[in-house]
Each structure stands twice: as C-alpha cells, then as structure tokens.
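Enquirer: My questions will all concern the structure given below.
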Amino acid sequence: MSHQVLDTLFLEERKFTHIIKQPVVRGVVNVLLAFAFFMALWWVFMDPRGWLRWYTPQYGYMYIRWLLIVAIWQVYIFNFWPFKIEWLEKTHPLQKGLIMIGINFAITGILVWVFYYWIFGKLAIPYFSWPELKKTGLSDFFSREYSSLAILMMAAIASWLSPIWPSAFENYPWHRLQQPAKGFTVLAVTFLFTTYAYFIFMHPHYRVLFYPWQEYTAAFPWWYESFRTLSGNFNVGWIMCATVSVWLTETILEHYPFRLVEKQPWRGLAGFAFILLLAWILFFTFTFMQDMVWGVSVEGAKRLMAPDWRYLHNGELAVILLTVALALYFYFDNWPRKFSTEVNLLVRVAIVIVGAWGLHWLYYKFSPGLLGTQAGYSHPQQFPMAPVILFINVMLYHGWFMDCWPGRRIRKES
Amino acid sequence: MEKDFTRRTFIKGMAVGTMAGYLGAAGLSSTVFKNQLLPQEKLNQVDIGEIKALKIKVVSETSWYDNNVFLNDVKGAGGLLVNQYTIPWTCAGVAAGYQGSNLGGFSTYIEATLMDGKVMKIHFDTGWNPAWMEKRFREEGVAEKLAKKEIDFMVLSHEHIDHFFGLEATLKFYPDIPLYVPKGFYQEGFDFLKGKSFPAANAINNIPHRGKMTVLDSSKVNILYPGIALMTFDVPIILRVFGEQAFVFNVKDKGLVLVTGCCHQGIISYMEEVRKKVKGGEKIYAIEGGLHISPFEDWDPQYDDLIMAFNKYGVQKIGCNHCTGFITAEKMHKAGLPVIKGTARNMTKRDIYLGNGDELAIA
C-alpha cells in the first residue's frame with residue numbers, strides 16, 4: 001500500500017522463520033494440529049458425550065463467542081499489552097500460548113460471571129443474568145439458556161464492530177496514543193457502539209421472548225414486516241455476515257478496495273461501508289441459495305422452512321466461508337501472493353468458495369460422529385457456528401499467540 | 001488516490017466490482033426478482049381416499065408432571081443434545097408426579113370408520129412410565145382392546161422417551177401387535193423393541209415385540225388404508241432423536257384431519273407438505289395432538305411467527321395438547337384460533353386444550 005498507514009499491529013510486523021520448510025506440508029501439519037486442539041477443547045467443554053457438556057447449546061456457545069471477542073481485544077485493540085515486543089519475540093510459542101490462552105479464558109469468565117451475571121444482569125437487565133432470570137420464576141435451564149443467548153448476541157455484535165476500528169480506521173484519531181490508553185479508548189468506543197447496536201438489533205427480540213410480551217421495555221421487532229419473523233435471528237444472520245466480511249477484508253482481501261482511499265477517516269468510513277455492503281451481498285446471496293435448494297421459506301414454519309432459521313443459517317454459511325479463508329491466511333501464507341493484487345484476491349476468493357463448499361459437506365457429514373451433534377441441517381438446539389467458531393478461535397490462538405508453531409517461529413528482528 | 005492507481009488498476013478493480021455486483025444481484029434476486037428466478041412450485045398430490053368418520057381419544061397427553069424436574073434432568077446430563085438413553089430421568093420424589101414419578105407419557109387411541117363401515121382401531125404411541133400408561137390404558141378401555149387383539153396396529157410417532165419408553169405397557173397386553181415406526185430410529189430403539197432395557201435411563205422393557213414391524217420413510221405419502229395415511233419427516237430432534245411421522249385422515253364431507261404425536265417438523269411445515277402432497281391438502285379441516293411449540297412453557301419469537309401465520313390456513317378445529325404448551329394455547333385462544341377446550345381431568349392440569357380422557361369426533 002502506498003498510502004500512509006496510521007497505525008500498525010505487532011501482528012503485521014512479525015517476521016517468521018519457517019521450521020517446516022515445505023509450505024504445503026507446513027500448512028497441513030498446522031491445520032491438523034489446530035484440529036486436534038479443537039477436538040480436545042470440544043470434548044472437554046462442549047461435546048454432549050464429553051466431560052463438562054456445556055453445549056446445552058446456548059451456554060457453551062456463549063463462551064465460544066466471548067473467547068473470540070476477547071482474543072480480538074487482546075491482539076487487535078490492546079496489541080498484546082501488557083506484554084512487550086521483546087518478550088513476544090523471545091518467549092517460546094508454547095509458553096506464550098499457554099499464558100495468552102489462559103488470559104483469554106480468564107477474561108471471558110470474568111466478563112460473563114462478574115460483568116453480566118453479577119453486575120449488568122443483577123442491576124440493570126435481568127435477562128443478562130442466569131440467577132436473576134431464575135428469580136423471576138423461569139426454569140433453571142431456560143434461565144441459563146436465555147441469558148446465554150443475550151450475552152452471546154452482544155458478542156455477535158462486538159465481533160463485527162470491535163475489529164473495525166483498528167482494521168479499517170487504523171485506530172484514528174487515537175492512533176498516536178500509547179498502550180494501554182489507546183486500547184482502553186478504542187475498547188470503550190467500540191463497546192459503546194456495540195451496546196447501541198445491541199439495543200437496536202437484539203433487544204426487541206426480548207420484547208417478544210417472554211410471556212406476556214414486554215411491551216413497555218423494548219420496541220416491537222421493527223424488521224418483522226420486511227423479513228417475516230419476529231426473531232432476532234434475522235439480525236444475528238446479517239451481523240455474522242458483517243463479522244465475516246471484516247475478517248475477509250482483513251485477510252484474503254487485504255483491505256481492498258477501500259485501502260485505495262488515501263486519508264483517514266475516509267478510508268475507515270469507506271471500509272465500514274464496504275464491509276456492510278459485502279455483508280449484505282453475502283446475506284442475500286445465501287438467502288437466495290437456500291431458497292433455490294429448499295424452496296422459499298414459509299412464515300411460521302419450523303426448521304428448514306423457517307425464515308428465522310434461514311437467516312441464522314446465512315450466518316452459519318458465512319462463518320464456514322471464513323474458516324477456510326482464515327486457514328488459507330494463517331496456514332498457507334495467504335496464497336497466492338505472486339500475481340497482481342486483483343488476481344491474487346480473485347484466486348483466493350475462488351479457493352475460499354470451493355473450500356467452504358467442501359467444509360460444509362464435511363461438517364454435515366461427520367459432525368454427528370465427531371462432535372456428538374445431531375444429524376440434519378436444521379435443528380432447533382444446535383448451531384454449527386459454535387464448533388466452527390471454536391475452531392476459528394483455535395486458529396487465532398495458534399496464529400496470533402503461538403505464531404503457528406511448530407510450522408514456523410517468530411524471528412527476533414520483527 | 002494512490003499514485004499507481006492507473007487505468008489498468010481501475011479496470012481490474014471494475015472486474016472485481018462486477019463480480020461483487022453479480023453476487024449482489026443474486027442477493028437482490030432473493031427479494032425483488034425472487035418469483036421470476038426461483039423454480040415454480042409443483043404440486044404432486046396423492047389421493048389417499050376417504051373415511052366416513054374419525055374418533056380421537058386422548059389417552060394420555062401428560063408426558064411429565066414437573067417441567068423443572070424434567071429440565072434439571074436434561075441440564076444435569078448436559079443439555080438438549082444428550083442421548084436420551086443415557087439420562088437418569090427422575091422417577092421418584094416428585095410431589096406433582098404420578099406416584100412420585102415425574103414420568104407420564106403420550107398416547108392416543110383412534111377409531112377410523114372406513115367407507116365400507118369397518119372400524120380401524122389404532123394405537124398411537126405408547127407413553128413413558130409403564131405404570132401410568134397401564135393405568136390409563138385400563139381406564140380408557142385400550143388395555144382390553146389390546147388384550148383382545150382388537151386393535152389393528154400401533155404407530156410410533158417418533159423415538160422420544162415420552163412416546164416410546166412405556167412400550168412394556170402395550171406389549172404386556174399385545175406383544176405381536178403390528179407396528180409402524182418412522183425411519184430414523186437408532187439401534188437403541190430397535191434393541192428396546194426387542195426387549196433390551198436401558199437402566200441408566202430407567203427405560204425397562206422385558207417383553208420383546210414379536211409382531212410385524214414396518215419402517216416408513218419420507219419418500220412418499222404412506223397410505224395404510226383408504227383415507228388413512230402416514231407422512232414421515234426426516235427431522236432432527238432434541239435428545240438425539242431423528243425422524244417423526246404423523247397421520248393424515250381424509251374425512252368425507254369434512255376434509256383432511258392431521259393427527260400428530262409431537263409434530264417436531266412444525267405444524268405449518270406439516271400443513272405445507274400436506275398441501276403439496278395430498279389431494280385436498282389446501283383445506284385442512286382439523287388438527288389433533290402435540291404441536292411442539294412450548295413444551296416446557298419456554299418461549300421463542302419464532303413461536304409467535306407461527307401463531308400469527310396460523311390463521312391463514314383456515315383450520316376449523318384445533319384439538320391440540322401435550323407439547324403444544326399452555327402458553328401457546330393461551331396465545332392461540334387470544335389470536336382467535338379454534339382451539340378446543342378440554343375437561344382438565346386425569347392429571348391434565350388445565351382445560352385450555354384437550355386433556356386426558358377427552359375426545360374429538362369428526363363425522
């Protein structure tokens with residue numbers, strides 16, 4: 001890029017020594033390692049046949065979503081603060097990984113249990129707190145499920161808005177601040193926007209979730225007339241497409257084309273608009289594909305034919321797309337890089353579409369046996385986004401915290 | 001703009017933009033041009049014939065007595081995806097339960113009068129708690145008909161605990177009863193039918209089924225007798241169950257009557273399938289059985305979508321119960337849907353829908 005980038009992350013400055021020289025072997029080994037780690041995490045925390053069995057489903061899914069956001073905060077917003085560059089360069093990836101993942105888990109736990117359950121849910125909105133919701137007379141099980149859903153919906157929006165500031169705006173106008181002032185500022189701003197967005201896009205879902213409708217506390221779902229469902233899944237769907245768009249532009253699309261805009265904040269605004277546009281293109285394309293395969297959804301229907309499930313599945317399809325894009329980015333050096341930008345991008349997009357097609361098939365073919373989920377596409381109590389995002393989390397841990405070791409290691413002159 | 005942003009770069013950018021535009025157009029087509037681009041729906045309706053009359057008796061719709069106890073069993077086991085054969089369901093110490101057990105069960109007795117006057121007697125599902133089910137079978141005269149082999153066949157709607165684990169209560173009276181099950185039963189289900197018990201789940205069956213068993217799949221409308229058909233749905237269900245089937249009866253001069261177990265496929269999805277596949281499917285006269293909307297008195301905005309859409313189908317009688325949920329029934333009444341009230345006896349808690357011992361007759 002020939003324009004002046006206002007702020008860069010340590011991630012972008014890293015230089016690597018390839019431990020495994022052959023690129024395809026390196027990529028495959030790393031994918032297999034990430035998958036093994038993912039399977040271990042899934043078995044311990046989520047699998048309905050496993051140890052803790054948190055995938056009930058919303059409870060475990062909530063943690064998965066927040067682990068993702070916290071990892072984004074650690075790396076994109078705080079740029080690894082409080083750790084110093086020298087420490088990141090000299091410390092063994094395994095040691096770094098254990099520490100960083102430990103912090104990731106700890107912050108997630110504190111957020112859920114302290115911020116949501118004990119503060120926000122207790123003192124402001126009961127549906128954010130499992131114990132508070134239970135006090136209203138709801139069953140223990142659904143208290144936990146409903147509160148988990150609310151907390152993870154907040155995470156869904158955060159996963160879209162949190163990385164936009166460092167990625168598209170390059171932290172403008174706070175790019176000159178030092179950490180942690182910069183991190184806390186960007187965190188506060190993006191979380192503020194996340195909170196506003198939550199109340200516009202998700203809170204109306206809770207008006208109609210409880211019986212009787214909570215009409216004095218939330219607006220009627222404003223999307224109902226146009227999109228034929230009262231469910232917030234409509235917003236979850238397109239917002240997930242937006243999240244995926246952020247990371248597609250950040251990885252395989254290399255900020256193209258909005259990087260062509262010379263100055264901030266216009267570059268950031270163009271980036272935000274492009275991400276939104278791409279999100280809606282993905283969302284409507286996936287809707288159309290589903291209509292072609294299964295027929296047009298029917299108002300009030302369940303499962304495959306339910307409009308709200310179709311919207312949710314748009315998000316699921318987008319996340320599958322992202323998984324392939326991230327694997328290409330992290331493990332196969334964002335191949336190809338030798339052609340012009342436009343050709344590189346087109347080839348990558350083609351790879352990602354074909355790869356997503358394959359991953360989609362693999363997921364629905366093997367997930368019942370591997371993950372303990374139920375066969376079939378549409379099930380009211382399972383979300384392919386949960387295992388797929390957990391796998392994405394593992395790739396982020398591996399790529400961000402552990403430098404994709406043992407395939408490669410960081411070089412000291414980064 | 002970048003200094004090297006030349007005409008060539010611009011053209012390349014346009015190429016990328018065109019591709020994005022194409023994708024965008026595909027997206028647009030899902031709304032604006034949808035009807036022009038999507039293949040037209042083709043109806044493939046089968047004539048299932050007619051019956052003269054239909055009588056549906058709710059033997060037991062109370063599958064469990066305390067929602068919290070049931071849900072705590074599920075939560076303790078690891079949630080709604082855990083295999084039902086591994087969950088230690090609570091069978092004692094429940095104040096609201098039957099003899100302290102939280103387990104009840106679902107079963108319906110159906111009499112369909114064929115056009116030649118012959119009455120087909122159908123045992124639909126066999127409940128959960130064998131003690132409770134046997135009591136209800138005796139009270140409603142089903143046990144006697146089973147023992148005399150007057151019942152023509154049994155249909156299992158699906159493999160769920162509350163429709164299936166009370167198998168012994170049926171086989172005790174009629175071990176060789178002809179049986180229809182939907183495609184999707186797990187091996188545990190077939191083993192249970194053969195007399196294998198699952199003590200961890202308090203699922204006991206010491207009497208092997210010895211009659212003819214037919215597994216029905218979703219490839220076609222399965223006509224059992226003129227005017228009596230079963231439709232199977234390949235539907236994934238909570239507690240690791242797959243597949244459900246439900247009845248379609250065609251009552252002369254009335255129209256189609258749908259009788260369901262739990263209707264996990266969704267009642268509107270079911271009506272849509274019937275509309276596409278069964279002659280006369282545009283007019284559903286009545287619905288009876290579980291509609292699986294708020295079985296745990298939980299809620300989801302999707303369920304409101306269903307209630308708001310229901311009126312468009314013009315159903316004249318809704319004899320719902322069981323997993324429909326009381327909240328749903330209240331909302332349906334409020335929405336003006338023709339939900340038939342019951343008598344709230346035999347442990348059915350409210351009269352808001354058809355309960356244990358209530359009957360729906362269509363002739």
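Note on naming: chains are A, B, ... as they come in the structure tokens, residues start from 1 per chain, ligands start from 1 in the order shown.
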DSSP on the backbone, alpha helix (DSSP H) only: what residues of region 142-246 of chain B does that give? Format it as a PyMOL selection string.
Expert: chain B and resi 142-147+161-164+167-171+187-193
Enquirer: Mind dumping the selected residues with N, CA, C and O atoms as a PDB file, in the first residue's frame?
Expert:
ATOM      1  N   VAL B 142     -58.429 -49.171  26.453  1.00  0.00           N
ATOM      2  CA  VAL B 142     -57.416 -49.544  25.447  1.00  0.00           C
ATOM      3  C   VAL B 142     -56.777 -50.882  25.820  1.00  0.00           C
ATOM      4  O   VAL B 142     -56.539 -51.742  24.953  1.00  0.00           O
ATOM      5  N   ALA B 143     -56.546 -51.080  27.110  1.00  0.00           N
ATOM      6  CA  ALA B 143     -55.904 -52.329  27.565  1.00  0.00           C
ATOM      7  C   ALA B 143     -56.744 -53.540  27.146  1.00  0.00           C
ATOM      8  O   ALA B 143     -56.216 -54.545  26.646  1.00  0.00           O
ATOM      9  N   GLU B 144     -58.032 -53.407  27.318  1.00  0.00           N
ATOM     10  CA  GLU B 144     -58.923 -54.509  26.976  1.00  0.00           C
ATOM     11  C   GLU B 144     -58.878 -54.804  25.473  1.00  0.00           C
ATOM     12  O   GLU B 144     -58.802 -55.961  25.044  1.00  0.00           O
ATOM     13  N   LYS B 145     -58.889 -53.736  24.697  1.00  0.00           N
ATOM     14  CA  LYS B 145     -58.846 -53.925  23.230  1.00  0.00           C
ATOM     15  C   LYS B 145     -57.508 -54.512  22.803  1.00  0.00           C
ATOM     16  O   LYS B 145     -57.435 -55.332  21.884  1.00  0.00           O
ATOM     17  N   LEU B 146     -56.445 -54.083  23.477  1.00  0.00           N
ATOM     18  CA  LEU B 146     -55.131 -54.654  23.162  1.00  0.00           C
ATOM     19  C   LEU B 146     -55.120 -56.149  23.493  1.00  0.00           C
ATOM     20  O   LEU B 146     -54.681 -56.976  22.692  1.00  0.00           O
ATOM     21  N   ALA B 147     -55.618 -56.480  24.675  1.00  0.00           N
ATOM     22  CA  ALA B 147     -55.590 -57.875  25.122  1.00  0.00           C
ATOM     23  C   ALA B 147     -56.408 -58.764  24.194  1.00  0.00           C
ATOM     24  O   ALA B 147     -56.049 -59.920  23.942  1.00  0.00           O
ATOM     25  N   ILE B 161     -38.516 -40.557  24.447  1.00  0.00           N
ATOM     26  CA  ILE B 161     -38.874 -41.115  25.748  1.00  0.00           C
ATOM     27  C   ILE B 161     -40.362 -41.197  26.032  1.00  0.00           C
ATOM     28  O   ILE B 161     -40.886 -42.256  26.334  1.00  0.00           O
ATOM     29  N   ASP B 162     -41.043 -40.075  25.923  1.00  0.00           N
ATOM     30  CA  ASP B 162     -42.432 -39.985  26.395  1.00  0.00           C
ATOM     31  C   ASP B 162     -43.439 -40.584  25.426  1.00  0.00           C
ATOM     32  O   ASP B 162     -44.631 -40.651  25.740  1.00  0.00           O
ATOM     33  N   HIS B 163     -42.966 -41.011  24.273  1.00  0.00           N
ATOM     34  CA  HIS B 163     -43.857 -41.656  23.304  1.00  0.00           C
ATOM     35  C   HIS B 163     -43.524 -43.131  23.143  1.00  0.00           C
ATOM     36  O   HIS B 163     -44.267 -43.868  22.523  1.00  0.00           O
ATOM     37  N   PHE B 164     -42.393 -43.549  23.721  1.00  0.00           N
ATOM     38  CA  PHE B 164     -41.832 -44.850  23.361  1.00  0.00           C
ATOM     39  C   PHE B 164     -41.406 -45.691  24.565  1.00  0.00           C
ATOM     40  O   PHE B 164     -41.561 -46.913  24.558  1.00  0.00           O
ATOM     41  N   LEU B 167     -43.237 -48.745  26.348  1.00  0.00           N
ATOM     42  CA  LEU B 167     -43.546 -49.847  25.425  1.00  0.00           C
ATOM     43  C   LEU B 167     -44.092 -51.084  26.139  1.00  0.00           C
ATOM     44  O   LEU B 167     -45.019 -51.749  25.662  1.00  0.00           O
ATOM     45  N   GLU B 168     -43.513 -51.379  27.296  1.00  0.00           N
ATOM     46  CA  GLU B 168     -43.904 -52.597  28.019  1.00  0.00           C
ATOM     47  C   GLU B 168     -45.401 -52.599  28.345  1.00  0.00           C
ATOM     48  O   GLU B 168     -46.033 -53.667  28.372  1.00  0.00           O
ATOM     49  N   ALA B 169     -45.944 -51.411  28.577  1.00  0.00           N
ATOM     50  CA  ALA B 169     -47.364 -51.317  28.927  1.00  0.00           C
ATOM     51  C   ALA B 169     -48.256 -51.752  27.771  1.00  0.00           C
ATOM     52  O   ALA B 169     -49.385 -52.195  27.995  1.00  0.00           O
ATOM     53  N   THR B 170     -47.782 -51.644  26.549  1.00  0.00           N
ATOM     54  CA  THR B 170     -48.537 -52.128  25.389  1.00  0.00           C
ATOM     55  C   THR B 170     -48.245 -53.607  25.139  1.00  0.00           C
ATOM     56  O   THR B 170     -49.163 -54.426  24.982  1.00  0.00           O
ATOM     57  N   LEU B 171     -46.934 -53.938  25.123  1.00  0.00           N
ATOM     58  CA  LEU B 171     -46.548 -55.312  24.772  1.00  0.00           C
ATOM     59  C   LEU B 171     -47.038 -56.334  25.803  1.00  0.00           C
ATOM     60  O   LEU B 171     -47.253 -57.496  25.471  1.00  0.00           O
ATOM     61  N   GLN B 187     -30.244 -47.582  16.852  1.00  0.00           N
ATOM     62  CA  GLN B 187     -30.141 -49.004  17.195  1.00  0.00           C
ATOM     63  C   GLN B 187     -30.710 -49.261  18.592  1.00  0.00           C
ATOM     64  O   GLN B 187     -31.344 -50.294  18.832  1.00  0.00           O
ATOM     65  N   GLU B 188     -30.493 -48.311  19.513  1.00  0.00           N
ATOM     66  CA  GLU B 188     -31.043 -48.486  20.868  1.00  0.00           C
ATOM     67  C   GLU B 188     -32.555 -48.691  20.811  1.00  0.00           C
ATOM     68  O   GLU B 188     -33.108 -49.476  21.575  1.00  0.00           O
ATOM     69  N   GLY B 189     -33.212 -47.958  19.897  1.00  0.00           N
ATOM     70  CA  GLY B 189     -34.661 -48.059  19.773  1.00  0.00           C
ATOM     71  C   GLY B 189     -35.080 -49.449  19.322  1.00  0.00           C
ATOM     72  O   GLY B 189     -36.029 -50.040  19.873  1.00  0.00           O
ATOM     73  N   PHE B 190     -34.386 -49.958  18.318  1.00  0.00           N
ATOM     74  CA  PHE B 190     -34.724 -51.303  17.834  1.00  0.00           C
ATOM     75  C   PHE B 190     -34.406 -52.347  18.906  1.00  0.00           C
ATOM     76  O   PHE B 190     -35.138 -53.327  19.076  1.00  0.00           O
ATOM     77  N   ASP B 191     -33.298 -52.124  19.639  1.00  0.00           N
ATOM     78  CA  ASP B 191     -32.948 -53.060  20.731  1.00  0.00           C
ATOM     79  C   ASP B 191     -34.026 -53.029  21.818  1.00  0.00           C
ATOM     80  O   ASP B 191     -34.387 -54.063  22.380  1.00  0.00           O
ATOM     81  N   PHE B 192     -34.508 -51.842  22.118  1.00  0.00           N
ATOM     82  CA  PHE B 192     -35.550 -51.693  23.137  1.00  0.00           C
ATOM     83  C   PHE B 192     -36.802 -52.463  22.714  1.00  0.00           C
ATOM     84  O   PHE B 192     -37.443 -53.147  23.516  1.00  0.00           O
ATOM     85  N   LEU B 193     -37.118 -52.349  21.427  1.00  0.00           N
ATOM     86  CA  LEU B 193     -38.273 -53.106  20.907  1.00  0.00           C
ATOM     87  C   LEU B 193     -38.067 -54.611  21.059  1.00  0.00           C
ATOM     88  O   LEU B 193     -39.016 -55.373  21.238  1.00  0.00           O
TER      89      LEU B 193
END
Enquirer: Please list as a PyMOL selection string every residue within 6 Å of Arg409 (chain A), counting only C-alpha atoms and excluding residues in the same chain fewer than 2 positions away.
Expert: chain A and resi 16-17+403+405
Enquirer: Could you write out the selected residues, including C-alpha atoms, as a tab-separated table (two decimals), in the first residue's frame?
Expert:
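New file out.tsv:
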chain	number	residue	atom	x	y	z
A	16	PHE	CA	8.99	-15.69	10.67
A	17	THR	CA	11.46	-18.50	10.40
A	403	ASP	CA	2.98	-17.83	15.66
A	405	TRP	CA	4.33	-23.05	15.79
Enquirer: So that I can see what lies close to region 231-235 of chain A, please list as a PDB file with N, CA and C atoms, in the first residue's frame the residues with an atom at most 6 Å from it, counting only C-alpha atoms and leaving out residues fewer than 5 positions away in the same chain.
Expert:
ATOM      1  N   MET A 202     -31.033  -6.313  18.826  1.00  0.00           N
ATOM      2  CA  MET A 202     -31.318  -7.526  19.589  1.00  0.00           C
ATOM      3  C   MET A 202     -32.353  -7.368  20.700  1.00  0.00           C
ATOM      4  N   HIS A 205     -35.899  -8.430  20.312  1.00  0.00           N
ATOM      5  CA  HIS A 205     -36.113  -9.887  20.373  1.00  0.00           C
ATOM      6  C   HIS A 205     -36.634 -10.268  21.759  1.00  0.00           C
ATOM      7  N   ASP A 308     -36.607 -17.469  10.052  1.00  0.00           N
ATOM      8  CA  ASP A 308     -35.560 -17.069  11.005  1.00  0.00           C
ATOM      9  C   ASP A 308     -34.388 -18.040  10.981  1.00  0.00           C
ATOM     10  N   TYR A 311     -32.188 -17.210   8.049  1.00  0.00           N
ATOM     11  CA  TYR A 311     -31.306 -16.063   8.295  1.00  0.00           C
ATOM     12  C   TYR A 311     -30.110 -16.480   9.151  1.00  0.00           C
ATOM     13  N   LEU A 312     -30.411 -17.271  10.160  1.00  0.00           N
ATOM     14  CA  LEU A 312     -29.331 -17.749  11.022  1.00  0.00           C
ATOM     15  C   LEU A 312     -28.345 -18.579  10.206  1.00  0.00           C
TER      16      LEU A 312
ATOM     17  N   PRO B 301     -39.492 -16.061  19.912  1.00  0.00           N
ATOM     18  CA  PRO B 301     -40.265 -15.251  18.965  1.00  0.00           C
ATOM     19  C   PRO B 301     -40.722 -16.042  17.738  1.00  0.00           C
ATOM     20  N   GLN B 302     -39.971 -17.066  17.383  1.00  0.00           N
ATOM     21  CA  GLN B 302     -40.373 -17.908  16.249  1.00  0.00           C
ATOM     22  C   GLN B 302     -41.770 -18.503  16.469  1.00  0.00           C
TER      23      GLN B 302
END
Enquirer: Quick check, in Å to one decimal: how far apart do CA of Trp42 (chain A) and CA of Pro368 (chain A) lie?
Expert: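 Computed distance, CA of Trp42 (chain A) to CA of Pro368 (chain A), equals 13.0 Å.
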